[in-house]
Every structure is written in structure tokens, then in C-alpha cells.
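Okay, input_11.cif is below, mmCIF, C-alpha atoms and all ligand atoms:
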```
data_input
loop_
_atom_site.label_atom_id
_atom_site.label_comp_id
_atom_site.auth_asym_id
_atom_site.auth_seq_id
_atom_site.Cartn_x
_atom_site.Cartn_y
_atom_site.Cartn_z
CA MET A 1 3.36 11.48 0.87
CA THR A 2 0.93 12.81 3.40
CA GLY A 3 -2.61 13.93 2.89
CA THR A 4 -2.30 17.34 4.43
CA GLU A 5 -4.54 19.87 2.81
CA ASP A 6 -2.69 23.09 3.27
CA GLY A 7 0.83 24.38 3.27
CA ALA A 8 3.91 22.52 2.11
CA GLY A 9 3.45 18.84 1.32
CA THR A 10 -0.12 19.14 0.08
CA SER A 11 -1.10 16.16 -2.03
CA TRP A 12 -2.95 16.81 -5.27
CA CYS A 13 -5.63 14.63 -6.82
CA PRO A 14 -5.16 14.11 -10.57
CA SER A 15 -8.86 13.40 -11.03
CA GLY A 16 -9.95 16.40 -9.06
CA VAL A 17 -12.68 18.99 -9.12
CA ALA A 18 -12.76 22.05 -11.34
CA ASP A 19 -14.33 24.42 -8.85
CA ALA A 20 -11.92 24.51 -5.92
CA PRO A 21 -9.91 27.72 -5.52
CA GLU A 22 -6.67 25.89 -6.35
CA SER A 23 -8.05 23.80 -9.26
CA VAL A 24 -5.89 23.63 -12.36
CA LEU A 25 -6.19 21.98 -15.73
CA LEU A 26 -4.06 18.84 -15.77
CA GLY A 27 -4.67 17.59 -19.28
CA VAL A 28 -6.97 17.21 -22.26
CA ARG A 29 -8.47 14.02 -23.62
CA SER A 30 -7.67 13.98 -27.29
CA GLY A 31 -7.02 11.87 -30.34
CA ALA A 32 -8.73 8.74 -31.56
CA ASP A 33 -7.95 6.82 -28.37
CA GLY A 34 -9.23 9.54 -26.04
CA GLN A 35 -6.11 9.39 -23.89
CA VAL A 36 -5.13 12.37 -21.79
CA ALA A 37 -2.41 14.65 -23.11
CA TYR A 38 -0.86 16.45 -20.14
CA LEU A 39 -0.06 20.12 -20.00
CA ALA A 40 3.54 21.09 -19.41
CA GLU A 41 2.41 23.86 -17.07
CA PRO A 42 -0.78 24.20 -15.00
CA VAL A 43 -3.52 26.48 -16.26
CA PRO A 44 -6.15 27.83 -13.83
CA ALA A 45 -9.30 25.74 -14.11
CA ALA A 46 -11.50 28.81 -14.49
CA THR A 47 -9.53 29.83 -17.58
CA ALA A 48 -9.93 26.38 -19.15
CA LEU A 49 -13.63 26.17 -18.30
CA GLY A 50 -14.25 29.43 -20.09
CA MET A 51 -13.13 27.82 -23.36
CA VAL A 52 -15.47 24.80 -23.22
CA PRO A 53 -18.69 25.10 -25.23
CA ALA A 54 -21.78 25.30 -23.01
CA ASP A 55 -23.25 22.01 -24.26
CA ILE A 56 -20.21 19.94 -23.29
CA GLU A 57 -19.62 18.51 -19.80
CA PRO A 58 -16.05 19.78 -19.17
CA ARG A 59 -14.88 16.71 -17.25
CA ARG A 60 -15.57 14.45 -20.24
CA ILE A 61 -12.79 16.12 -22.16
CA LEU A 62 -10.65 17.77 -19.48
CA ARG A 63 -8.89 16.48 -16.38
CA PHE A 64 -8.50 18.79 -13.44
CA ALA A 65 -6.24 18.58 -10.41
CA SER A 66 -7.18 19.84 -6.97
CA HIS A 67 -6.15 19.19 -3.40
CA CYS A 68 -6.59 15.69 -2.01
CA VAL A 69 -9.08 16.22 0.81
CA ALA A 70 -9.96 14.11 3.85
CA SER A 71 -13.68 14.37 3.05
CA CYS A 72 -13.27 12.59 -0.32
CA ALA A 73 -15.33 9.41 -0.70
CA ASN A 74 -12.21 7.71 -2.06
CA ARG A 75 -10.09 8.31 1.04
CA ARG A 76 -9.24 5.44 3.36
CA GLY A 77 -7.07 6.87 6.09
CA ASP A 78 -4.27 8.54 4.19
CA ASP A 79 -4.69 6.34 1.10
CA CYS A 80 -6.60 6.92 -2.12
CA THR A 81 -8.78 3.94 -2.99
CA LEU A 82 -9.50 5.36 -6.45
CA ILE A 83 -5.94 4.74 -7.64
CA GLU A 84 -6.17 1.22 -6.20
CA ARG A 85 -9.23 0.63 -8.38
CA VAL A 86 -7.63 2.30 -11.40
CA VAL A 87 -4.63 -0.03 -11.08
CA ALA A 88 -6.94 -3.04 -10.74
CA GLY A 89 -9.32 -2.02 -13.52
CA PHE A 90 -7.19 -0.56 -16.29
CA PRO A 91 -4.45 -2.45 -18.11
CA GLU A 92 -0.94 -1.13 -17.62
CA GLN A 93 0.34 0.49 -20.80
CA GLU A 94 3.90 -0.72 -20.48
CA SER A 95 4.92 0.53 -23.89
CA ARG A 96 4.07 4.10 -22.98
CA SER A 97 6.82 6.28 -21.71
CA LEU A 98 6.21 8.06 -18.44
CA PRO A 99 3.83 10.93 -19.23
CA ARG A 100 5.38 14.35 -18.83
CA CYS A 101 3.03 16.00 -16.40
CA HIS A 102 3.39 19.02 -14.18
CA LEU A 103 1.73 17.42 -11.16
CA ARG A 104 4.15 14.59 -10.41
CA ALA A 105 6.01 16.12 -7.46
CA ASP A 106 2.74 16.54 -5.56
CA CYS A 107 0.55 13.87 -7.15
CA LYS A 108 -1.25 11.58 -4.70
CA TRP A 109 -1.45 8.73 -7.24
CA TRP A 110 2.25 8.90 -8.07
CA GLY A 111 3.14 9.04 -4.38
CA GLN A 112 0.99 6.02 -3.66
CA ALA A 113 1.41 3.80 -6.73
CA GLY A 114 4.31 5.25 -8.75
CA LEU A 115 4.76 3.98 -12.31
CA ALA A 116 1.70 1.75 -12.07
CA ALA A 117 -0.38 4.90 -11.67
CA CYS A 118 1.26 6.93 -14.42
CA ARG A 119 0.92 4.10 -16.94
CA ARG A 120 -2.84 4.03 -16.44
CA CYS A 121 -3.56 7.67 -15.67
CA PRO A 122 -3.97 8.79 -19.33
CA ALA A 123 -6.91 6.37 -19.73
CA VAL A 124 -8.89 7.85 -16.85
CA SER A 125 -11.85 10.11 -17.50
CA THR A 126 -13.35 11.98 -14.55
CA ARG A 127 -16.80 11.98 -16.20
CA HIS A 128 -17.56 8.91 -18.25
CA HIS A 129 -20.52 7.43 -20.06
CA THR A 130 -22.78 5.24 -17.93
CA ASP A 131 -22.42 2.36 -20.42
CA ASP A 132 -18.64 2.32 -19.84
CA GLU A 133 -18.70 -0.61 -17.40
CA ARG A 134 -15.01 -0.46 -16.57
CA SER A 135 -15.02 3.22 -15.70
CA VAL A 136 -18.27 2.94 -13.73
CA LEU A 137 -16.82 0.17 -11.56
CA VAL A 138 -13.50 1.91 -11.06
CA ALA A 139 -15.23 5.14 -10.04
CA ASP A 140 -17.45 3.43 -7.45
CA PRO A 141 -16.02 4.01 -3.94
CA ALA A 142 -17.98 0.97 -2.75
CA ALA A 143 -16.09 -1.38 -5.09
CA THR A 144 -12.79 -2.85 -3.96
CA ALA A 145 -9.69 -3.42 -6.04
CA ASP A 146 -10.02 -7.17 -5.44
CA GLU A 147 -13.59 -7.18 -6.75
CA ILE A 148 -12.53 -5.27 -9.86
CA ASP A 149 -9.58 -7.60 -10.37
CA ALA A 150 -11.87 -10.61 -10.18
CA HIS A 151 -14.45 -8.99 -12.47
CA PHE A 152 -11.99 -8.42 -15.30
CA ALA A 153 -9.93 -11.54 -14.81
CA PRO A 154 -9.92 -13.74 -17.93
CA SER A 155 -12.42 -16.55 -17.49
CA GLY A 156 -11.66 -20.20 -18.09
S1 LIG A 201 -0.56 9.62 -11.94
FE1 LIG A 201 1.34 10.20 -13.00
S2 LIG A 201 0.70 11.03 -15.01
FE2 LIG A 201 -1.11 10.99 -13.65
S3 LIG A 201 -1.17 13.04 -12.76
FE3 LIG A 201 -0.05 11.73 -11.32
S4 LIG A 201 2.12 11.99 -11.86
FE4 LIG A 201 0.90 12.76 -13.57
#
```
Structure translated into C-alpha cells:
Amino acid sequence: MTGTEDGAGTSWCPSGVADAPESVLLGVRSGADGQVAYLAEPVPAATALGMVPADIEPRRILRFASHCVASCANRRGDDCTLIERVVAGFPEQESRSLPRCHLRADCKWWGQAGLAACRRCPAVSTRHHTDDERSVLVADPAATADEIDAHFAPSG
């Protein structure tokens, strides 16, 4: 999948921004485990944002999708380093069936990492608490997948 930003073949980021013209709601973090439940059909981000109470940071509870752009801090050439860190930092939920999500045909993470991405994607929060060490490391463009792997490797 290429990283073109307009026209056919545009890749979409599943941890995207809410304020781009094309932004859509991808899913909602819900339930006791806070995993993302994906929408069957995209909803314009502006519509979703209008339903979030003013005192809540929308990206704590919602995941948005927007175009994968060359200026992103997570881009390395045509690759997304964020999904590399997600795969290194979050355990694969092998028992989960493939999430039904509307983005798959154009999803950058799926195109780059396939099942390994989709089995971790529901655990990702775009805005997380600063005491969530795993999420902080995974979100840091300066961290490498190897460093994250080593950090969470069982000791002994
Ligand atoms: S990684 Fe998989 S589940 Fe997540 S948005 Fe992409 S296709 Fe959907």
C-alpha cells in the first residue's frame, strides 16, 4: 500500500486526527476493558465530536481515522513506525476474531502489518494517561520497536 495522500489508493491512519476535512470516527472505547468497538460504517468526525461532553478529551474515548500524511512524525519513508511500536509493545490478542472495521481496505496498519495489527488495534488509545507507561513508550516516535521489545521482555 502506498502513502499517497490524495486520490485513489490513499492510505488511512487508524489513530488519526479528528480535525482533518476527511476525518471519520473509527470506533469507541467501551466496556470494562476499554477496548475499541469499531463502527460498521464511518461517521464524520465533526458529528461525533458534537456528542462528546465538553469536559472530556474526545481522543480518550474515541478513535478517529484520517489520511496517512508524509509530514507525520511516525513516518519513515513509506512506513508507519507507530504500528511497529504497537506490535512490539502490545500483546497479540490471538483469541480475538478479526475486528469488523470499515477502514480495512485502506488502513495503513493493516497494509503494513496485517493480522498482527488488527489483533492489537483495539487496545490502542490515541490519547492516554501519562502514567500508562506502555502507551507512552509506544506513542513516542523516538522509541524503536527493538527498544520497546527489550523493555517489556520478561526478565530472568
Ligand atoms: S489495524 Fe485492523 S482493526 Fe485497526 S483500523 Fe486497521 S484494519 Fe481496522
A:Pro99 surroundings by all atoms listed in the file, 9 Å radius, close-in-sequence under 5 positions cut, as JSON, numbers by chain: {"A": [37, 38, 118, 119, 121, 122]}
Return as a PyMOL selection string every polymer residue, whether protein, DNA or RNA, with at least one atom no more than 12 Å from an atom of ligand LIG 201 (chain A); count all atoms listed in the file. chain A and resi 11-16+24-28+35-42+63-66+80+82-84+86-87+96-125
Interatomic distance between atom CA of A:Ala73 and atom CA of A:Ile56? 25.4 Å
Ranking A:Glu57, A:Ala48, A:Glu92, A:Arg85 by minimum distance to A:Arg134 and counting all atoms listed in the file, which one comes first?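 Of A:Glu57, A:Ala48, A:Glu92, A:Arg85, the one nearest A:Arg134, counting all atoms listed in the file, is A:Arg85.
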Report, in Å to a single decimal, how far apart atom CA of A:Phe152 and atom CA of A:Ser30 are.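 Computing the Euclidean distance for atom CA of A:Ser30 and atom CA of A:Phe152 yields 25.8 Å.
For the choices A:Ala88, A:Ala150, A:Ala32, A:Ala45, the atom-to-atom distance to A:Asp19 is smallest for A:Ala45 when using only C-alpha atoms.
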Please, what distance in Å, to one decimal, runs between atom CA of A:Thr126 and atom CA of A:Ala139?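 Those two atoms sit 8.4 Å apart.
Here the question is which of A:Val52, A:Leu137, A:Ala142, A:Ile148 gets nearest to A:Arg75 using all atoms listed in the file, and that residue is A:Ala142.
Compared by their closest atoms to A:Thr47, and using all atoms listed in the file, the residues A:Cys72, A:Ala18, A:Ala143, A:Ile61 rank with A:Ala18 nearest.
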Of the listed residues A:Ala153, A:Ala145, A:Val136, A:Ala20, that which approaches A:Val69 most closely, counting all atoms listed in the file: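 Using all atoms listed in the file, the shortest distance to A:Val69 belongs to A:Ala20.
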